[in-house]
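First up is the structure itself, then whatever we jot down about it.
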Amino acid sequence: MTLKWTPEKFKKQLIADLEANGQVVGEFVRTDARRRLTGITDPDWGAAYRAFVSGLLAYEIKTDRAAVTISVGVRGGRLKWHGFYIETGTRKQAPHPWLRPAVFENRKKIVALLEG
């Protein structure tokens with residue numbers, strides 16, 4: 001029996017694999033970001049607030065003809081900015097990066113998870 005390979009079949013399978021593995025990556029990054037966010041201790045009075053924001057963390061996978069995109073962040077309309085302000089700081093509060101390190105410090109693990 002001869003199998004016929006076509007670029008369209010390959011592309012379709014690759015996208016399906018990336019979507020499936022993207023679920024694993026999204027959950028991995030979300031879990032690590034949540035751990036980092038709730039581990040921030042400055043200021044001490046903000047622990048409950050950071051725990052609340054960590055509960056709003058979610059990931060989403062979008063697929064189109066040219067890409068599979070995995071987005072991880074704070075959901076909830078205007079509340080999404082609260083995670084940004086913790087990450088980058090404000091004029092009154094120092095930055096506490098938690099989401100970017102969850103991605104950048106785990107890039108090898110993320111690539112391995114995407115590969116399956």
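Just so we're on the same page: first chain in the structure tokens is A, next is B, and so on; residues restart at 1 for each chain, and ligands are numbered from 1 in the order they show up.
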What's around A:Gly22 at 9 Å? Count only C-alpha atoms, leave out sequence neighbours fewer than 5 positions away in its own chain, and write the answer as number ranges by chain. A: 17, 27, 61, 68-70, 113-114
Store the residues of this selection in a file with C-alpha atoms, as a compact mmCIF listing (two decimals), in the first residue's frame.
```
# COMPACT_ATOMS: atom_id res chain seq x y z
CA ASP A 17 -0.97 18.54 16.68
CA GLU A 27 -2.09 24.97 31.11
CA ILE A 61 -5.84 28.97 21.51
CA VAL A 68 -1.77 28.64 15.92
CA THR A 69 -1.63 31.26 18.67
CA ILE A 70 -1.62 30.51 22.39
CA LEU A 113 5.72 20.44 24.97
CA LEU A 114 4.73 21.84 21.58
```
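Summary of the local environment: counting only C-alpha atoms, residues at most 12 Å from A:Lys62, other than itself and those fewer than 4 positions away along its chain, are A:Ile15, A:Ala16, A:Leu18, A:Glu19, A:Ala20, A:Gly22, A:Gln23, A:Gly26, A:Ala66, A:Ala67, A:Val68, A:Thr69, A:Ile70, A:Ser71, A:Val72.
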Dump as JSON lines the rows for residues of stretch 12-61 of chain A within 10 Å of stretch 82-100 of chain A: closest atom pair and distance in Å with one decimal, only C-alpha atoms counted, ordered by chain and rising residue number.
```
{"residue": "A:Val29", "atom": "CA", "partner": "A:Leu99", "partner_atom": "CA", "distance": 8.2}
{"residue": "A:Arg30", "atom": "CA", "partner": "A:Leu99", "partner_atom": "CA", "distance": 8.4}
{"residue": "A:Asp32", "atom": "CA", "partner": "A:Leu99", "partner_atom": "CA", "distance": 8.4}
{"residue": "A:Ala33", "atom": "CA", "partner": "A:Leu99", "partner_atom": "CA", "distance": 5.2}
{"residue": "A:Arg34", "atom": "CA", "partner": "A:Trp98", "partner_atom": "CA", "distance": 8.1}
{"residue": "A:Arg35", "atom": "CA", "partner": "A:Trp98", "partner_atom": "CA", "distance": 8.6}
{"residue": "A:Arg36", "atom": "CA", "partner": "A:Trp98", "partner_atom": "CA", "distance": 5.4}
{"residue": "A:Leu37", "atom": "CA", "partner": "A:Trp98", "partner_atom": "CA", "distance": 5.5}
{"residue": "A:Thr38", "atom": "CA", "partner": "A:Trp98", "partner_atom": "CA", "distance": 9.2}
{"residue": "A:Gly39", "atom": "CA", "partner": "A:Trp98", "partner_atom": "CA", "distance": 9.2}
{"residue": "A:Ile40", "atom": "CA", "partner": "A:His96", "partner_atom": "CA", "distance": 7.3}
{"residue": "A:Thr41", "atom": "CA", "partner": "A:His96", "partner_atom": "CA", "distance": 9.6}
{"residue": "A:Asp42", "atom": "CA", "partner": "A:His96", "partner_atom": "CA", "distance": 8.4}
{"residue": "A:Pro43", "atom": "CA", "partner": "A:Gln93", "partner_atom": "CA", "distance": 8.7}
{"residue": "A:Tyr49", "atom": "CA", "partner": "A:His82", "partner_atom": "CA", "distance": 9.6}
{"residue": "A:Arg50", "atom": "CA", "partner": "A:Gly83", "partner_atom": "CA", "distance": 8.4}
{"residue": "A:Val53", "atom": "CA", "partner": "A:Gly83", "partner_atom": "CA", "distance": 6.7}
{"residue": "A:Ser54", "atom": "CA", "partner": "A:Gly83", "partner_atom": "CA", "distance": 8.3}
{"residue": "A:Leu56", "atom": "CA", "partner": "A:Gly83", "partner_atom": "CA", "distance": 9.2}
{"residue": "A:Leu57", "atom": "CA", "partner": "A:Gly83", "partner_atom": "CA", "distance": 8.9}
```
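The space between atom CA of A:Pro7 and atom CA of A:Asp64 spans 16.4 Å.
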Atom pair atom CA of A:Val103 / atom CA of A:Tyr59: separation (Å): 12.6 Å
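Residues of chain A assigned to strand (DSSP E or B) by DSSP on this structure's backbone: Leu57, Ala58, Tyr59, Glu60, Ile61, Lys62, Thr63, Val68, Thr69, Ile70, Ser71, Val72, Gly73 and Val74 of chain A.
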Could you please write out, as a PyMOL selection string, every residue of chain A that DSSP assigns to helix (DSSP H, G or I)? chain A and resi 7-38+44-54+77-88+99-104+107-115
So that I have them on file, write out the residues from the current selection with C-alpha atoms, as a PDB file, in the first residue's frame.
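Saved to selection.pdb:
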```pdb
ATOM      1  CA  PRO A   7       1.173  19.444   1.687  1.00  0.00           C
ATOM      2  CA  GLU A   8      -2.441  20.062   2.703  1.00  0.00           C
ATOM      3  CA  LYS A   9      -2.648  16.812   4.691  1.00  0.00           C
ATOM      4  CA  PHE A  10       0.653  17.593   6.375  1.00  0.00           C
ATOM      5  CA  LYS A  11      -0.439  21.129   7.212  1.00  0.00           C
ATOM      6  CA  LYS A  12      -3.780  19.934   8.576  1.00  0.00           C
ATOM      7  CA  GLN A  13      -2.078  17.337  10.785  1.00  0.00           C
ATOM      8  CA  LEU A  14       0.540  19.828  11.978  1.00  0.00           C
ATOM      9  CA  ILE A  15      -2.151  22.327  12.986  1.00  0.00           C
ATOM     10  CA  ALA A  16      -4.114  19.612  14.799  1.00  0.00           C
ATOM     11  CA  ASP A  17      -0.970  18.544  16.677  1.00  0.00           C
ATOM     12  CA  LEU A  18      -0.117  22.135  17.602  1.00  0.00           C
ATOM     13  CA  GLU A  19      -3.663  22.738  18.856  1.00  0.00           C
ATOM     14  CA  ALA A  20      -3.555  19.596  21.013  1.00  0.00           C
ATOM     15  CA  ASN A  21      -0.095  20.334  22.368  1.00  0.00           C
ATOM     16  CA  GLY A  22      -1.097  23.983  22.789  1.00  0.00           C
ATOM     17  CA  GLN A  23      -3.626  22.906  25.418  1.00  0.00           C
ATOM     18  CA  VAL A  24      -0.773  21.391  27.427  1.00  0.00           C
ATOM     19  CA  VAL A  25       1.401  24.492  26.935  1.00  0.00           C
ATOM     20  CA  GLY A  26      -1.413  26.871  27.903  1.00  0.00           C
ATOM     21  CA  GLU A  27      -2.089  24.969  31.113  1.00  0.00           C
ATOM     22  CA  PHE A  28       1.630  24.748  31.920  1.00  0.00           C
ATOM     23  CA  VAL A  29       2.203  28.499  31.483  1.00  0.00           C
ATOM     24  CA  ARG A  30      -0.989  29.384  33.350  1.00  0.00           C
ATOM     25  CA  THR A  31       0.002  27.178  36.296  1.00  0.00           C
ATOM     26  CA  ASP A  32       3.538  28.567  36.446  1.00  0.00           C
ATOM     27  CA  ALA A  33       2.320  32.176  36.137  1.00  0.00           C
ATOM     28  CA  ARG A  34      -0.240  31.582  38.893  1.00  0.00           C
ATOM     29  CA  ARG A  35       2.503  30.179  41.161  1.00  0.00           C
ATOM     30  CA  ARG A  36       4.710  33.195  40.487  1.00  0.00           C
ATOM     31  CA  LEU A  37       1.891  35.703  41.001  1.00  0.00           C
ATOM     32  CA  THR A  38       0.727  34.271  44.320  1.00  0.00           C
ATOM     33  CA  ASP A  44       2.267  42.106  52.083  1.00  0.00           C
ATOM     34  CA  TRP A  45      -1.251  43.582  52.137  1.00  0.00           C
ATOM     35  CA  GLY A  46      -1.729  42.703  48.435  1.00  0.00           C
ATOM     36  CA  ALA A  47      -1.616  38.895  48.833  1.00  0.00           C
ATOM     37  CA  ALA A  48      -5.404  38.426  48.680  1.00  0.00           C
ATOM     38  CA  TYR A  49      -5.638  40.740  45.688  1.00  0.00           C
ATOM     39  CA  ARG A  50      -2.919  38.821  43.811  1.00  0.00           C
ATOM     40  CA  ALA A  51      -4.671  35.548  44.645  1.00  0.00           C
ATOM     41  CA  PHE A  52      -7.888  37.012  43.192  1.00  0.00           C
ATOM     42  CA  VAL A  53      -6.096  38.101  40.008  1.00  0.00           C
ATOM     43  CA  SER A  54      -4.448  34.666  39.688  1.00  0.00           C
ATOM     44  CA  GLY A  77     -12.644  43.018  30.753  1.00  0.00           C
ATOM     45  CA  ARG A  78     -11.150  45.908  32.693  1.00  0.00           C
ATOM     46  CA  LEU A  79      -9.651  43.521  35.248  1.00  0.00           C
ATOM     47  CA  LYS A  80      -7.062  42.400  32.705  1.00  0.00           C
ATOM     48  CA  TRP A  81      -5.177  45.605  33.400  1.00  0.00           C
ATOM     49  CA  HIS A  82      -4.630  44.628  37.024  1.00  0.00           C
ATOM     50  CA  GLY A  83      -2.306  41.808  35.989  1.00  0.00           C
ATOM     51  CA  PHE A  84      -0.480  44.236  33.712  1.00  0.00           C
ATOM     52  CA  TYR A  85       0.029  46.724  36.540  1.00  0.00           C
ATOM     53  CA  ILE A  86       1.427  44.039  38.843  1.00  0.00           C
ATOM     54  CA  GLU A  87       3.746  42.908  36.027  1.00  0.00           C
ATOM     55  CA  THR A  88       5.025  46.327  34.975  1.00  0.00           C
ATOM     56  CA  LEU A  99       3.768  36.343  33.410  1.00  0.00           C
ATOM     57  CA  ARG A 100       6.724  37.079  31.150  1.00  0.00           C
ATOM     58  CA  PRO A 101       9.109  35.009  33.300  1.00  0.00           C
ATOM     59  CA  ALA A 102       6.611  32.135  33.198  1.00  0.00           C
ATOM     60  CA  VAL A 103       7.089  32.143  29.419  1.00  0.00           C
ATOM     61  CA  PHE A 104      10.674  33.262  28.893  1.00  0.00           C
ATOM     62  CA  ARG A 107      10.996  28.480  26.669  1.00  0.00           C
ATOM     63  CA  LYS A 108      12.849  25.153  26.260  1.00  0.00           C
ATOM     64  CA  LYS A 109      10.115  23.299  28.154  1.00  0.00           C
ATOM     65  CA  ILE A 110       7.427  25.059  26.108  1.00  0.00           C
ATOM     66  CA  VAL A 111       9.078  24.100  22.810  1.00  0.00           C
ATOM     67  CA  ALA A 112       9.404  20.503  24.020  1.00  0.00           C
ATOM     68  CA  LEU A 113       5.718  20.439  24.967  1.00  0.00           C
ATOM     69  CA  LEU A 114       4.725  21.841  21.581  1.00  0.00           C
ATOM     70  CA  GLU A 115       6.752  19.132  19.873  1.00  0.00           C
TER      71      GLU A 115
END
```
